[in-house]
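A.B. asks: I'd like to ask some things about the structure below.
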Amino acid sequence: MVVAADRPYSFGWRVFGGSPETEEHFATWTYDLRPGARQDQTVVRQSFIHGPGDSGARAAVRADPENAAALLQGRLDQLRRNMTATIEAMARDIRSRSV
């Protein structure tokens with residue numbers, strides 16, 4: 001469900017495991033874009049908020065509470081890798097268009 005759309009400055013959405021009418025979202029993703037220091041730059045801030053609804057990460061921690069720290073660190077590492085890959089793909093696309 002889109003929760004922020006202020007073109008060209010922000011876009012955000014919530015992720016649901018089921019129906020938005022009956023369940024709380026389990027994640028919110030947002031991109032905020034602002035002009036950079038130079039005219040040809042844009043500063044991109046990508047954010048992820050976990051919750052308030054239930055998710056696979058929370059279910060994994062409940063199923064194996066003794067390994068909660070490692071499970072959560074693994075999820076954080078996965079999020080960082082995927083967020084980095086997304087931003088890098090955006091940069092490659094922009095560079096390929098300017099050639």
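By order of appearance in the structure tokens: chains A, B, ..., then residues from 1 within every chain, and ligands from 1 in the order shown.
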List the spatial neighbours of segment 35-51 of chain A as a count of residues only - criterion: any atom at most 9 Å away, only C-alpha atoms, same-chain residues fewer than 4 positions off excluded.
C.D. replies: 12
A.B. asks: DSSP says helix (DSSP H, G or I) for which residues of chain A? Put them as a count of residues only?
C.D. replies: 41
A.B. asks: As a list in words, which residues of segment 18-94 of chain A does DSSP assign to strand (DSSP E)?
C.D. replies: Ala27, Thr28, Trp29, Thr30, Tyr31, Asp32, Leu33, Arg34, Pro35, Thr42, Val43, Val44, Arg45, Gln46, Ser47, Phe48, Ile49 and His50 of chain A
A.B. asks: Which residue gives the smallest distance to Asp32 of chain A among A:Pro20, A:Ala91, A:Pro52, A:Pro8, with only C-alpha atoms counted?
C.D. replies: A:Pro8
A.B. asks: Rounded to one decimal place, report the atom CA of Ala60 of chain A-atom CA of Gly74 of chain A distance in Å.
C.D. replies: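 Distance reported for this atom pair: 11.2 Å.
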A.B. asks: Looking at only C-alpha atoms, which of A:Arg92, A:Gly53, A:Ala59, A:Ser10 is the one that sits closest to Thr22 of chain A?
C.D. replies: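 Ranking A:Arg92, A:Gly53, A:Ala59, A:Ser10 by distance to Thr22 of chain A, first place goes to A:Gly53.
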